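Undergrad: Okay, here's the structure, questions in a sec.
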There are 2 protein chains.
Amino acid sequence: MLVPVVVEVTLRSGIADPEGATIERALPALGFTGVSAVRAGKLFQFTVEAETEVAALAQATALAQRLLSNPVIEDATARVAVTPHS
Amino acid sequence: MLVPVVVEVTLRSGIADPEGATIERALPALGFTGVSAVRAGKLFQFTVEAETEVAALAQATALAQRLLSNPVIEDATARVAVTPHS
């Protein structure tokens with residue numbers, strides 16, 4: 001079966017996030033107030049061919065941790081997508 | 001109330017994704033087979049101060065479309081995070 005998967009890669013808490021900080025500083029000038037704690041991360045969508053959803057998720061998790069993220073500074077989580085990727 | 005929000009920014013279908021294509025080409029050499037349709041995107045996490053979750057989500061959606069994405073080539077979706085951001 002073809003399983004659509006989403007991987008979210010986010011910086012670990014405590015790791016400086018200059019991109020998020022820059023966005024946060026820009027917001028008031030653009031009329032957005034009350035927004036805080038902006039953190040930027042990465043998103044990957046792909047399809048895994050596997051026997052079961054569990055097997056697909058295991059492969060996606062391994063891939064996320066070995067290839068798509070730097071485990072020293074980032075957390076990676078994989079989940080089965082609710083809807084197929086467009 | 002403080003509402004934790006996640007914004008996902010993905011390339012529209014049909015828009016070339018060199019980052020995703022490069023990842024996909026690298027996978028077989030690293031032992032991952034059966035992975036296809038890799039697309040790379042961006043993820044933003046932030047907290048919105050608003051009266052209700054609906055108001056927070058409306059503000060996050062406006063922010064996502066005006067500041068965090070390029071609507072010509074990208075889709076942006078905002079959702080309330082299930083768990084507070086770490």
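Residues are named by chain letter and number: chains run A, B, ... in the order of the structure tokens, numbers start at 1 in each chain, and ligands are numbered from 1 in the order shown.
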Counting only C-alpha atoms, which residues from chain A have an atom at most 9 Å from any atom of chain B, and could you show them as a ChimeraX atom specification?

TA: /A:2,8-10,12-13,20,23,27,30,32-50,59-60,63,67-68,85-86

Undergrad: Check chain A with DSSP on the backbone and list each residue it calls strand (DSSP E or B), as number ranges by chain.

TA: A: 2-11, 35-49, 74-80

Undergrad: As a PDB file with N, CA and C atoms, in the first residue's frame, please: every residue in chain B that a backbone DSSP assignment puts in helix (DSSP H, G or I).

TA:
```
ATOM      1  N   PRO B  18      12.993  21.397  -6.306  1.00  0.00           N
ATOM      2  CA  PRO B  18      14.336  20.811  -6.420  1.00  0.00           C
ATOM      3  C   PRO B  18      14.828  20.187  -5.113  1.00  0.00           C
ATOM      4  N   GLU B  19      14.445  20.765  -3.968  1.00  0.00           N
ATOM      5  CA  GLU B  19      14.895  20.207  -2.693  1.00  0.00           C
ATOM      6  C   GLU B  19      14.319  18.802  -2.501  1.00  0.00           C
ATOM      7  N   GLY B  20      13.013  18.672  -2.745  1.00  0.00           N
ATOM      8  CA  GLY B  20      12.383  17.358  -2.628  1.00  0.00           C
ATOM      9  C   GLY B  20      12.967  16.361  -3.611  1.00  0.00           C
ATOM     10  N   ALA B  21      13.234  16.812  -4.834  1.00  0.00           N
ATOM     11  CA  ALA B  21      13.781  15.911  -5.855  1.00  0.00           C
ATOM     12  C   ALA B  21      15.173  15.424  -5.457  1.00  0.00           C
ATOM     13  N   THR B  22      15.956  16.314  -4.870  1.00  0.00           N
ATOM     14  CA  THR B  22      17.311  15.938  -4.444  1.00  0.00           C
ATOM     15  C   THR B  22      17.262  14.900  -3.325  1.00  0.00           C
ATOM     16  N   ILE B  23      16.365  15.124  -2.361  1.00  0.00           N
ATOM     17  CA  ILE B  23      16.208  14.145  -1.274  1.00  0.00           C
ATOM     18  C   ILE B  23      15.809  12.793  -1.856  1.00  0.00           C
ATOM     19  N   GLU B  24      14.842  12.817  -2.767  1.00  0.00           N
ATOM     20  CA  GLU B  24      14.345  11.560  -3.334  1.00  0.00           C
ATOM     21  C   GLU B  24      15.459  10.799  -4.050  1.00  0.00           C
ATOM     22  N   ARG B  25      16.314  11.520  -4.779  1.00  0.00           N
ATOM     23  CA  ARG B  25      17.424  10.869  -5.488  1.00  0.00           C
ATOM     24  C   ARG B  25      18.431  10.272  -4.518  1.00  0.00           C
ATOM     25  N   ALA B  26      18.596  10.876  -3.348  1.00  0.00           N
ATOM     26  CA  ALA B  26      19.603  10.411  -2.397  1.00  0.00           C
ATOM     27  C   ALA B  26      19.153   9.172  -1.626  1.00  0.00           C
ATOM     28  N   PRO B  28      17.802   5.984  -2.247  1.00  0.00           N
ATOM     29  CA  PRO B  28      18.219   4.591  -2.478  1.00  0.00           C
ATOM     30  C   PRO B  28      19.638   4.318  -2.001  1.00  0.00           C
ATOM     31  N   ALA B  29      20.557   5.257  -2.194  1.00  0.00           N
ATOM     32  CA  ALA B  29      21.943   5.054  -1.759  1.00  0.00           C
ATOM     33  C   ALA B  29      22.036   4.934  -0.242  1.00  0.00           C
ATOM     34  N   LEU B  30      21.049   5.457   0.477  1.00  0.00           N
ATOM     35  CA  LEU B  30      21.052   5.397   1.943  1.00  0.00           C
ATOM     36  C   LEU B  30      20.207   4.230   2.464  1.00  0.00           C
ATOM     37  N   GLU B  53     -10.402  30.620  20.108  1.00  0.00           N
ATOM     38  CA  GLU B  53      -9.576  29.846  19.186  1.00  0.00           C
ATOM     39  C   GLU B  53      -9.881  30.229  17.744  1.00  0.00           C
ATOM     40  N   VAL B  54     -11.162  30.507  17.461  1.00  0.00           N
ATOM     41  CA  VAL B  54     -11.551  30.860  16.091  1.00  0.00           C
ATOM     42  C   VAL B  54     -10.875  32.159  15.668  1.00  0.00           C
ATOM     43  N   ALA B  55     -10.862  33.149  16.570  1.00  0.00           N
ATOM     44  CA  ALA B  55     -10.218  34.430  16.259  1.00  0.00           C
ATOM     45  C   ALA B  55      -8.720  34.240  16.073  1.00  0.00           C
ATOM     46  N   ALA B  56      -8.119  33.410  16.924  1.00  0.00           N
ATOM     47  CA  ALA B  56      -6.681  33.158  16.810  1.00  0.00           C
ATOM     48  C   ALA B  56      -6.349  32.514  15.473  1.00  0.00           C
ATOM     49  N   LEU B  57      -7.194  31.562  15.073  1.00  0.00           N
ATOM     50  CA  LEU B  57      -6.949  30.852  13.816  1.00  0.00           C
ATOM     51  C   LEU B  57      -7.120  31.792  12.629  1.00  0.00           C
ATOM     52  N   ALA B  58      -8.093  32.709  12.721  1.00  0.00           N
ATOM     53  CA  ALA B  58      -8.287  33.672  11.639  1.00  0.00           C
ATOM     54  C   ALA B  58      -7.059  34.564  11.499  1.00  0.00           C
ATOM     55  N   GLN B  59      -6.518  35.015  12.640  1.00  0.00           N
ATOM     56  CA  GLN B  59      -5.337  35.866  12.581  1.00  0.00           C
ATOM     57  C   GLN B  59      -4.135  35.085  12.039  1.00  0.00           C
ATOM     58  N   ALA B  60      -3.997  33.831  12.482  1.00  0.00           N
ATOM     59  CA  ALA B  60      -2.879  33.006  12.011  1.00  0.00           C
ATOM     60  C   ALA B  60      -2.978  32.747  10.513  1.00  0.00           C
ATOM     61  N   THR B  61      -4.199  32.553  10.023  1.00  0.00           N
ATOM     62  CA  THR B  61      -4.378  32.307   8.587  1.00  0.00           C
ATOM     63  C   THR B  61      -4.008  33.544   7.777  1.00  0.00           C
ATOM     64  N   ALA B  62      -4.428  34.722   8.250  1.00  0.00           N
ATOM     65  CA  ALA B  62      -4.064  35.958   7.550  1.00  0.00           C
ATOM     66  C   ALA B  62      -2.558  36.153   7.538  1.00  0.00           C
ATOM     67  N   LEU B  63      -1.941  35.910   8.674  1.00  0.00           N
ATOM     68  CA  LEU B  63      -0.492  36.043   8.802  1.00  0.00           C
ATOM     69  C   LEU B  63       0.225  35.057   7.864  1.00  0.00           C
ATOM     70  N   ALA B  64      -0.280  33.824   7.826  1.00  0.00           N
ATOM     71  CA  ALA B  64       0.336  32.794   6.987  1.00  0.00           C
ATOM     72  C   ALA B  64       0.283  33.195   5.524  1.00  0.00           C
ATOM     73  N   GLN B  65      -0.846  33.759   5.119  1.00  0.00           N
ATOM     74  CA  GLN B  65      -0.983  34.068   3.691  1.00  0.00           C
ATOM     75  C   GLN B  65      -0.285  35.366   3.311  1.00  0.00           C
ATOM     76  N   ARG B  66      -0.185  36.307   4.243  1.00  0.00           N
ATOM     77  CA  ARG B  66       0.423  37.596   3.898  1.00  0.00           C
ATOM     78  C   ARG B  66       1.922  37.632   4.141  1.00  0.00           C
ATOM     79  N   LEU B  67       2.391  36.890   5.133  1.00  0.00           N
ATOM     80  CA  LEU B  67       3.793  37.062   5.540  1.00  0.00           C
ATOM     81  C   LEU B  67       4.622  35.793   5.392  1.00  0.00           C
ATOM     82  N   LEU B  68       4.025  34.649   5.668  1.00  0.00           N
ATOM     83  CA  LEU B  68       4.833  33.427   5.746  1.00  0.00           C
ATOM     84  C   LEU B  68       4.894  32.644   4.443  1.00  0.00           C
TER      85      LEU B  68
END
```
